[in-house]
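Engineer: So here's final_27.txt, just compact mmCIF, C-alpha atoms:
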```
# COMPACT_ATOMS: atom_id res chain seq x y z
CA MET A 12 10.51 23.87 -25.77
CA ARG A 13 9.50 26.52 -23.25
CA ALA A 14 7.61 25.15 -20.26
CA GLY A 15 5.97 26.86 -17.31
CA LEU A 16 4.79 25.55 -13.95
CA ILE A 17 1.75 26.65 -11.96
CA GLY A 18 1.95 25.80 -8.27
CA LEU A 19 5.05 25.32 -6.13
CA GLY A 20 3.73 23.17 -3.33
CA ALA A 21 5.08 19.72 -2.42
CA MET A 22 4.24 18.21 -5.82
CA GLY A 23 5.05 21.41 -7.67
CA ARG A 24 8.61 21.41 -6.35
CA ASN A 25 9.09 17.91 -7.72
CA HIS A 26 7.75 19.03 -11.10
CA ALA A 27 10.13 22.01 -11.03
CA ARG A 28 13.11 19.74 -10.32
CA VAL A 29 12.25 17.37 -13.18
CA LEU A 30 11.37 20.12 -15.67
CA ASN A 31 14.59 21.97 -14.89
CA GLY A 32 16.64 18.96 -15.95
CA LEU A 33 14.43 17.61 -18.73
CA GLU A 34 16.23 17.24 -22.04
CA GLY A 35 14.83 19.46 -24.77
CA VAL A 36 12.85 21.63 -22.33
CA ASP A 37 13.56 24.95 -20.64
CA LEU A 38 11.65 25.78 -17.46
CA VAL A 39 11.14 29.50 -18.14
CA GLY A 40 8.97 30.47 -15.17
CA VAL A 41 6.78 29.44 -12.24
CA ALA A 42 3.50 31.01 -11.13
CA ASP A 43 2.46 30.91 -7.47
CA PRO A 44 1.09 33.84 -5.45
CA VAL A 45 2.45 32.64 -2.10
CA ALA A 46 5.53 30.53 -2.88
CA ASP A 47 9.00 31.13 -1.54
CA ALA A 48 11.36 31.90 -4.43
CA SER A 49 14.14 30.05 -2.62
CA ALA A 50 12.38 26.79 -3.53
CA LEU A 51 12.93 27.47 -7.23
CA PRO A 52 15.76 26.11 -9.33
CA ALA A 53 18.50 28.70 -9.82
CA GLY A 54 17.68 31.31 -12.42
CA VAL A 55 13.98 30.43 -12.83
CA PRO A 56 11.74 33.49 -12.27
CA LEU A 57 8.67 33.44 -10.02
CA VAL A 58 5.48 35.34 -10.89
CA GLU A 59 2.18 35.60 -9.06
CA THR A 60 -0.33 34.93 -11.83
CA VAL A 61 -0.96 32.62 -14.76
CA GLU A 62 -1.27 35.68 -16.99
CA GLY A 63 2.21 36.75 -15.91
CA LEU A 64 3.55 33.29 -16.72
CA LEU A 65 2.00 33.36 -20.19
CA GLU A 66 4.07 36.43 -20.99
CA PHE A 67 7.16 34.18 -21.11
CA GLY A 68 5.82 32.56 -24.30
CA LEU A 69 5.02 28.96 -23.30
CA ASP A 70 4.80 25.85 -25.43
CA TYR A 71 3.17 24.02 -22.54
CA ALA A 72 2.48 24.32 -18.82
CA VAL A 73 2.25 21.94 -15.88
CA VAL A 74 -0.64 22.61 -13.49
CA ALA A 75 0.21 21.52 -9.93
CA CYS A 76 -1.92 23.89 -7.87
CA PRO A 77 -4.85 22.82 -5.61
CA THR A 78 -7.59 20.91 -7.44
CA ALA A 79 -10.17 23.66 -6.92
CA TYR A 80 -8.20 25.90 -9.33
CA HIS A 81 -7.60 23.34 -12.09
CA GLU A 82 -10.64 24.31 -14.15
CA SER A 83 -10.11 28.08 -14.21
CA ILE A 84 -6.37 27.79 -14.83
CA GLY A 85 -6.80 25.07 -17.44
CA LEU A 86 -9.38 27.11 -19.34
CA THR A 87 -7.04 30.12 -19.29
CA LEU A 88 -4.23 28.02 -20.77
CA ALA A 89 -6.51 26.56 -23.43
CA GLU A 90 -7.73 30.02 -24.41
CA ALA A 91 -4.09 31.13 -24.74
CA GLY A 92 -3.29 28.15 -26.99
CA VAL A 93 -0.94 26.50 -24.48
CA SER A 94 -0.84 22.72 -24.05
CA ALA A 95 -1.07 21.46 -20.47
CA LEU A 96 -0.22 18.57 -18.18
CA ILE A 97 -2.70 18.83 -15.30
CA GLU A 98 -2.14 17.02 -12.02
CA LYS A 99 -4.75 14.50 -10.92
CA PRO A 100 -7.57 14.66 -10.18
CA LEU A 101 -8.27 16.57 -13.38
CA ALA A 102 -10.86 18.80 -11.70
CA HIS A 103 -13.01 19.09 -8.60
CA THR A 104 -16.11 17.77 -10.43
CA SER A 105 -16.72 15.59 -13.47
CA ALA A 106 -18.60 18.47 -15.13
CA ALA A 107 -15.56 20.74 -14.73
CA ALA A 108 -13.30 17.97 -16.02
CA THR A 109 -15.49 17.60 -19.11
CA ARG A 110 -15.36 21.34 -19.75
CA LEU A 111 -11.57 21.18 -19.65
CA ALA A 112 -11.50 18.28 -22.10
CA GLU A 113 -13.78 20.13 -24.50
CA ALA A 114 -11.74 23.33 -24.29
CA PHE A 115 -8.42 21.71 -25.18
CA GLU A 116 -10.01 19.50 -27.87
CA ALA A 117 -11.69 22.49 -29.52
CA ARG A 118 -8.31 24.18 -29.95
CA GLY A 119 -6.41 21.06 -31.02
CA LEU A 120 -4.04 21.27 -28.06
CA VAL A 121 -2.18 18.42 -26.39
CA ALA A 122 -3.42 17.91 -22.84
CA GLY A 123 -2.86 15.19 -20.27
CA VAL A 124 -3.56 14.24 -16.67
CA GLY A 125 -0.81 13.37 -14.19
CA HIS A 126 -1.89 9.84 -13.29
CA ILE A 127 1.68 8.98 -12.43
CA GLU A 128 1.06 5.34 -11.49
CA ARG A 129 0.91 4.52 -15.20
CA CYS A 130 4.61 5.42 -15.27
CA ASN A 131 5.56 3.31 -12.24
CA PRO A 132 7.88 0.50 -13.39
CA ALA A 133 5.93 -2.17 -11.49
CA ILE A 134 2.59 -1.11 -12.99
CA MET A 135 4.02 -0.77 -16.49
CA SER A 136 5.48 -4.27 -16.32
CA LEU A 137 2.26 -5.63 -14.80
CA ARG A 138 0.18 -4.26 -17.66
CA GLU A 139 2.50 -5.71 -20.29
CA ARG A 140 2.31 -9.14 -18.66
CA LEU A 141 -1.46 -9.05 -18.32
CA GLU A 142 -1.85 -7.99 -21.95
CA SER A 143 0.33 -10.89 -23.07
CA GLY A 144 -1.94 -13.30 -21.19
CA GLU A 145 0.55 -14.45 -18.57
CA LEU A 146 -2.16 -14.52 -15.86
CA GLY A 147 -4.97 -15.95 -17.97
CA GLU A 148 -8.42 -14.61 -17.16
CA ILE A 149 -8.33 -11.76 -14.64
CA LEU A 150 -10.57 -12.57 -11.68
CA GLN A 151 -9.85 -9.82 -9.15
CA ILE A 152 -7.79 -6.69 -8.60
CA VAL A 153 -7.18 -5.46 -5.04
CA THR A 154 -5.51 -2.14 -4.25
CA ARG A 155 -4.34 -0.86 -0.87
CA ARG A 156 -3.30 2.78 -0.67
CA GLN A 157 -2.99 4.02 2.88
CA GLY A 158 -0.82 6.13 5.14
CA PRO A 159 -0.76 9.09 7.54
CA PHE A 160 -2.77 12.24 6.88
CA PRO A 161 -0.99 14.70 4.53
CA GLY A 162 -1.39 18.22 5.85
CA ARG A 163 -0.90 19.67 2.36
CA ILE A 164 -4.28 18.35 1.09
CA ALA A 165 -7.17 20.64 2.01
CA ASP A 166 -9.64 20.88 -0.87
CA VAL A 167 -10.56 17.24 -1.59
CA GLY A 168 -10.95 14.03 0.38
CA VAL A 169 -9.16 10.73 0.13
CA VAL A 170 -11.41 9.51 -2.70
CA LYS A 171 -10.48 12.20 -5.21
CA ASP A 172 -6.90 12.61 -4.00
CA LEU A 173 -5.83 8.96 -3.63
CA ALA A 174 -8.53 6.62 -4.91
CA THR A 175 -8.36 8.25 -8.35
CA HIS A 176 -4.92 6.62 -8.68
CA ASP A 177 -6.47 3.20 -8.13
CA ILE A 178 -9.47 3.84 -10.38
CA ASP A 179 -7.20 4.79 -13.27
CA LEU A 180 -4.64 2.02 -12.83
CA THR A 181 -7.40 -0.61 -12.39
CA CYS A 182 -8.91 0.22 -15.77
CA TRP A 183 -5.52 0.65 -17.41
CA VAL A 184 -3.91 -2.62 -16.36
CA THR A 185 -7.01 -4.83 -16.71
CA GLY A 186 -8.44 -3.30 -19.89
CA GLN A 187 -11.83 -3.25 -18.16
CA SER A 188 -14.14 -0.47 -16.99
CA TYR A 189 -16.39 -0.18 -13.95
CA GLU A 190 -20.00 -1.35 -14.28
CA SER A 191 -20.99 -0.71 -10.67
CA ILE A 192 -19.58 0.63 -7.40
CA THR A 193 -20.44 -0.04 -3.76
CA ALA A 194 -18.54 2.12 -1.27
CA GLU A 195 -18.33 3.18 2.36
CA THR A 196 -16.47 6.23 3.66
CA VAL A 197 -15.74 7.74 7.06
CA SER A 198 -14.30 11.03 8.26
CA ARG A 199 -12.35 10.88 11.51
CA SER A 200 -9.84 13.73 11.19
CA GLY A 201 -12.26 16.59 11.81
CA ARG A 202 -12.23 17.80 8.20
CA ASP A 203 -15.16 18.33 5.83
CA HIS A 204 -13.95 15.55 3.55
CA GLU A 205 -13.70 11.78 3.96
CA ASP A 206 -10.41 10.23 5.04
CA MET A 207 -11.17 6.51 4.62
CA LEU A 208 -12.69 4.49 1.78
CA SER A 209 -13.61 0.86 1.27
CA ALA A 210 -15.06 0.09 -2.16
CA ILE A 211 -16.05 -2.88 -4.30
CA GLY A 212 -16.43 -2.53 -8.04
CA HIS A 213 -17.64 -4.91 -10.72
CA LEU A 214 -15.80 -4.52 -14.03
CA ASP A 215 -17.24 -5.09 -17.48
CA GLY A 216 -14.85 -7.96 -18.18
CA GLY A 217 -16.10 -9.93 -15.18
CA ALA A 218 -13.38 -9.05 -12.67
CA ILE A 219 -14.02 -7.76 -9.15
CA ALA A 220 -12.15 -4.70 -7.87
CA ASN A 221 -11.54 -4.00 -4.18
CA HIS A 222 -10.07 -0.72 -2.96
CA SER A 223 -8.90 0.14 0.55
CA VAL A 224 -7.77 3.78 0.81
CA ASN A 225 -7.16 5.95 3.86
CA TRP A 226 -5.23 8.75 5.52
CA LEU A 227 -5.50 7.14 8.96
CA SER A 228 -2.81 4.44 8.94
CA PRO A 229 0.52 4.97 10.74
CA PHE A 230 2.38 3.33 7.84
CA LYS A 231 2.50 3.89 4.09
CA GLU A 232 1.35 1.20 1.68
CA ARG A 233 0.87 1.23 -2.07
CA THR A 234 0.04 -2.29 -3.26
CA THR A 235 -1.86 -3.74 -6.21
CA VAL A 236 -2.71 -7.45 -6.33
CA VAL A 237 -4.13 -9.01 -9.50
CA THR A 238 -5.39 -12.58 -9.30
CA GLY A 239 -6.16 -14.71 -12.34
CA ASP A 240 -6.42 -18.25 -13.61
CA ARG A 241 -2.69 -18.88 -13.37
CA GLY A 242 -1.76 -17.15 -10.12
CA SER A 243 -1.31 -13.63 -8.73
CA PHE A 244 0.82 -10.59 -9.44
CA ILE A 245 1.72 -8.23 -6.60
CA ALA A 246 2.94 -4.76 -7.57
CA ASP A 247 4.49 -2.54 -4.89
CA THR A 248 4.56 0.97 -6.31
CA LEU A 249 6.57 2.35 -3.39
CA THR A 250 9.53 0.15 -4.33
CA GLY A 251 8.72 -0.51 -7.99
CA ASP A 252 8.78 -4.28 -7.37
CA LEU A 253 6.63 -6.81 -9.22
CA THR A 254 6.26 -10.38 -7.93
CA PHE A 255 4.43 -13.33 -9.45
CA TYR A 256 3.01 -16.21 -7.43
CA ALA A 257 2.13 -19.08 -9.75
CA ASN A 258 -0.53 -21.68 -9.15
CA GLY A 259 1.12 -25.01 -8.40
CA ALA A 260 1.41 -27.67 -11.09
CA ARG A 261 1.55 -30.49 -8.55
CA ASP A 262 -1.09 -31.68 -6.14
CA THR A 263 -0.37 -31.46 -2.43
CA GLU A 264 -0.15 -34.95 -0.97
CA TRP A 265 -0.79 -33.77 2.57
CA GLU A 266 -4.58 -34.12 2.78
CA ALA A 267 -5.25 -31.60 5.56
CA LEU A 268 -3.05 -28.97 3.94
CA ARG A 269 -4.66 -29.49 0.54
CA ALA A 270 -8.12 -28.89 1.99
CA PHE A 271 -6.94 -25.70 3.69
CA ARG A 272 -5.00 -24.15 0.83
CA GLY A 273 -7.32 -24.72 -2.11
CA VAL A 274 -5.16 -23.70 -5.09
CA SER A 275 -1.73 -25.19 -4.58
CA GLU A 276 1.34 -22.99 -4.31
CA GLY A 277 3.75 -22.86 -7.20
CA ASP A 278 6.86 -20.88 -7.99
CA MET A 279 7.41 -17.30 -6.84
CA ILE A 280 9.28 -14.88 -9.12
CA ARG A 281 10.41 -11.34 -8.37
CA TYR A 282 11.16 -9.68 -11.67
CA ALA A 283 14.24 -7.59 -12.36
CA ILE A 284 12.75 -4.36 -13.71
CA ARG A 285 14.49 -1.25 -14.90
CA LYS A 286 13.48 1.33 -12.31
CA ARG A 287 13.28 4.90 -13.55
CA GLU A 288 11.65 7.74 -11.64
CA PRO A 289 7.93 7.70 -12.60
CA LEU A 290 7.66 11.51 -12.63
CA LEU A 291 10.56 11.78 -15.08
CA VAL A 292 8.98 9.15 -17.33
CA GLU A 293 5.66 11.02 -17.19
CA HIS A 294 7.35 14.26 -18.24
CA GLU A 295 9.23 12.56 -21.06
CA HIS A 296 5.98 11.13 -22.39
CA PHE A 297 4.23 14.48 -22.28
CA ARG A 298 7.17 16.33 -23.85
CA ASP A 299 7.18 13.82 -26.69
CA ALA A 300 3.43 14.17 -27.18
CA VAL A 301 3.69 17.96 -27.41
CA GLN A 302 6.43 17.52 -29.98
CA GLY A 303 4.10 15.29 -31.98
CA HIS A 304 5.73 11.91 -31.34
CA GLY A 305 3.01 9.23 -31.21
CA LEU A 306 0.35 11.97 -31.30
CA ASP A 307 -3.24 11.13 -32.12
CA ALA A 308 -4.40 14.36 -33.75
CA ALA A 309 -8.08 13.51 -33.26
CA LYS A 310 -7.65 13.03 -29.51
CA GLY A 311 -5.02 15.68 -28.87
CA SER A 312 -2.92 13.20 -26.92
CA GLY A 313 -0.14 10.68 -27.34
CA ASP A 314 -0.30 6.96 -26.75
CA ASP A 315 1.67 7.26 -23.52
CA ILE A 316 -0.26 10.05 -21.80
CA VAL A 317 -3.63 10.05 -20.03
CA ASP A 318 -5.94 12.24 -22.11
CA LEU A 319 -8.49 14.55 -20.49
CA ARG A 320 -11.45 12.35 -21.41
CA GLN A 321 -9.90 9.50 -19.45
CA GLY A 322 -9.16 11.90 -16.59
CA ALA A 323 -12.78 13.10 -16.61
CA ALA A 324 -14.05 9.50 -16.55
CA THR A 325 -11.90 8.81 -13.49
CA VAL A 326 -13.37 11.82 -11.69
CA ALA A 327 -16.87 10.59 -12.59
CA ILE A 328 -16.14 7.17 -11.09
CA SER A 329 -14.79 8.79 -7.91
CA GLU A 330 -18.03 10.75 -7.65
CA SER A 331 -19.95 7.49 -7.98
CA MET A 332 -17.98 6.14 -5.01
CA LEU A 333 -18.92 9.17 -2.95
CA ARG A 334 -22.55 8.90 -4.06
CA SER A 335 -22.68 5.21 -3.12
CA ALA A 336 -21.29 5.99 0.33
CA ARG A 337 -23.72 8.87 0.81
CA LEU A 338 -26.82 6.93 -0.29
CA GLY A 339 -25.80 3.56 1.14
CA GLU A 340 -26.47 1.75 -2.12
CA THR A 341 -24.75 0.33 -5.18
CA VAL A 342 -24.31 2.81 -8.04
CA VAL A 343 -24.60 1.40 -11.57
CA LEU A 344 -22.44 3.27 -14.06
CA ASN A 345 -23.06 4.24 -17.65
CA GLY A 346 -20.11 2.55 -19.37
CA ALA A 347 -20.17 4.95 -22.30
CA ARG A 348 -19.44 7.84 -19.96
CA THR A 349 -17.08 6.19 -17.48
CA ARG A 350 -14.62 4.33 -19.68
CA VAL A 351 -11.08 5.17 -18.57
CA ARG A 352 -8.82 2.86 -20.55
CA ALA A 353 -7.07 4.32 -23.58
```
Go through the file and emit its structure as structure tokens.
Structural biologist:
Amino acid sequence: MRAGLIGLGAMGRNHARVLNGLEGVDLVGVADPVADASALPAGVPLVETVEGLLEFGLDYAVVACPTAYHESIGLTLAEAGVSALIEKPLAHTSAAATRLAEAFEARGLVAGVGHIERCNPAIMSLRERLESGELGEILQIVTRRQGPFPGRIADVGVVKDLATHDIDLTCWVTGQSYESITAETVSRSGRDHEDMLSAIGHLDGGAIANHSVNWLSPFKERTTVVTGDRGSFIADTLTGDLTFYANGARDTEWEALRAFRGVSEGDMIRYAIRKREPLLVEHEHFRDAVQGHGLDAAKGSGDDIVDLRQGAATVAISESMLRSARLGETVVLNGARTRVRA
């Protein structure tokens, strides 16, 4: 298949590397009006416009330009009959994201959103184990996603850039959707957008979600903790590690310690997981969907990709976080419009 790439920034260069080596796919061109051609894989031409890229005859395109351009570029691709994998967040607003979903659906094209955490080995294993009931009832999911400010991000704040990862993975691994959101944000870096978020969500299956996200920490952390009846899973998506801490089967005989600890400690297991690069896995899934493997014709997506309706729902939830922070109140969500899980 013939693939094109739009955007050759930090993430775009990673997409170019993976596409250039992806089995069954030829990267036939890249569109970016300001990119340095030396960043391209050998032999791949660089053009300035999407229209110029379309002249190469694409089967699908990857959109990795700034979020503000996702809608216009996505609509151009849909109009040209080209399937697309669009980086997250899907669009700068939920209304724009919905327009994109409608455009690709109307033409029967395969389209997906690059919520790459679904392809992280720790998160994939976590979801499988939760679905099989290894944790029992899910009580809480806590995510921490923090690190230094990335100079490459200019058009959105930390909620739409980073928290959208946690919104999507929360719904995906728990099988639950948000019923309400209470959030606080701050902006300390002198930009127009927020750079720190603390949010609490109530999910429709009864679980509580807590999200701590910022661009102000001098260290990088990407951790998801799920607590249930039988213990806790900790997924580290930086390393791809998944660890299980079981509730103890034996009572603690030391009275003072028992009163302090509450649930007794049991075994701890760090699972041996096959660790493949998440971006490569994401591209393999999308390639297979475009080829029709596991394709749901009604949805225009495969089982292993995040369809545009899910991507739009994630953007809507992120907007609810920003609204809660702005108004200083809890926002109750319409579940029919904010369901993310496939």
Engineer: May I ask which of the residues A:Cys182, A:Asp206, A:Leu290, A:Arg138 is the closest one to A:Ala218, counting only C-alpha atoms?
Structural biologist: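 Among A:Cys182, A:Asp206, A:Leu290, A:Arg138, it is A:Cys182 that comes nearest to A:Ala218.
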Engineer: When you look at A:Glu59 with a cut-off of 10 Å (counting only C-alpha atoms), what residues show up, excluding the ones that are within fewer than 4 positions of it in the same chain? I need them as a PyMOL selection string.
Structural biologist: chain A and resi 17-18+41-46+63-64
Engineer: Check the smallest atom-to-atom distance from each of A:Leu30, A:Leu338, A:Leu150, A:Ala21 to A:Ser243 using all atoms listed in the file, then report the winner.
Structural biologist: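 Closest residue, counting all atoms listed in the file: A:Leu150.
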Engineer: For a test of reading the model, state the distance in Å between atom CA of A:Val317 and atom CA of A:Gly119, rounded to one decimal.
Structural biologist: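 Taking atom CA of A:Val317 as the start and atom CA of A:Gly119 as the end point, the length is 15.8 Å.
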Engineer: Produce a table with one row for each residue of stretch 135-254 of chain A that has an atom at most 9 Å from any atom of stretch 278-284 of chain A, each row naming the nearest atom pair and its distance in Å at one decimal; use all atoms listed in the file; arrange rows by chain and rising residue number; format as CSV.
Structural biologist:
```
residue,atom,partner,partner_atom,distance
A:Ser136,CA,A:Ile284,CA,7.7
A:Gly251,CA,A:Ile284,CA,8.0
A:Asp252,CA,A:Tyr282,CA,7.3
A:Leu253,CA,A:Tyr282,CA,5.9
A:Thr254,CA,A:Arg281,CA,4.3
```
Engineer: At most 12 Å from (-9.6, 23.2, -23.5), file frame, only C-alpha atoms: which residues, as a PyMOL selection string?
Structural biologist: chain A and resi 81-97+107-123+310-311+318-320
Engineer: With distances taken over all atoms listed in the file, which residue among A:Ile219, A:Ile134, A:Ala246, A:Val292 lies nearest A:Glu148?
Structural biologist: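 Among A:Ile219, A:Ile134, A:Ala246, A:Val292, it is A:Ile219 that comes nearest to A:Glu148.
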Engineer: To one decimal place in Å, what is the distance between atom CA of A:Glu66 and atom CA of A:Leu38?
Structural biologist: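 Separation between atom CA of A:Glu66 and atom CA of A:Leu38: 13.5 Å.
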Engineer: What does the distance from atom CA of A:Ser49 to atom CA of A:Asp172 come to in Å, to one decimal?
Structural biologist: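 About the pair atom CA of A:Ser49 and atom CA of A:Asp172: they are 27.4 Å apart.
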Engineer: At a cut-off of 12 Å, using only C-alpha atoms, what residues contact A:Glu288? Leave out same-chain residues fewer than 2 positions from it and give the result as a list in words.
Structural biologist: Asn25, His26, Val29, Ile127, Glu128, Arg129, Cys130, Asn131, Pro132, Ala133, Thr248, Leu249, Thr250, Gly251, Arg285, Lys286, Leu290, Leu291, Val292, Glu293, His294 and Glu295 of chain A
Engineer: Determine, counting only C-alpha atoms, which protein, DNA and RNA residues have an atom within 8 Å of an atom of A:His204; residues of the same chain fewer than 2 positions away are not included. Present the result as a list in words.
Structural biologist: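 Counting only C-alpha atoms, the residues come to Val167, Gly168, Val169, Ser198, Arg202 and Asp206 of chain A.
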Engineer: Just checking: using all atoms listed in the file, which residue out of A:Met135, A:Val184, A:Ala336, A:Leu173 ends up closest to A:Val197?
Structural biologist: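 Among the listed residues, A:Ala336 lies closest to A:Val197.
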Engineer: What's the 10 Å shell around A:Ala174, counting all atoms listed in the file, without same-chain residues fewer than 4 positions away, as a ChimeraX atom specification?
Structural biologist: /A:100,154-157,168-170,178-180,207-210,222-225,325-326,328-329,332
Engineer: Between A:Lys99, A:His126, A:Arg24, A:Arg337, which has the minimum distance to A:Asp315 (counting only C-alpha atoms)?
Structural biologist: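 Looking at the shortest contact to A:Asp315, the residue is A:His126.
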Engineer: Could you give me, as number ranges by chain, the residues within 12 Å of A:Glu145, counting only C-alpha atoms and dropping anything in the same chain fewer than 2 positions from it?
Structural biologist: A: 136-143, 147-149, 237-244, 255-258
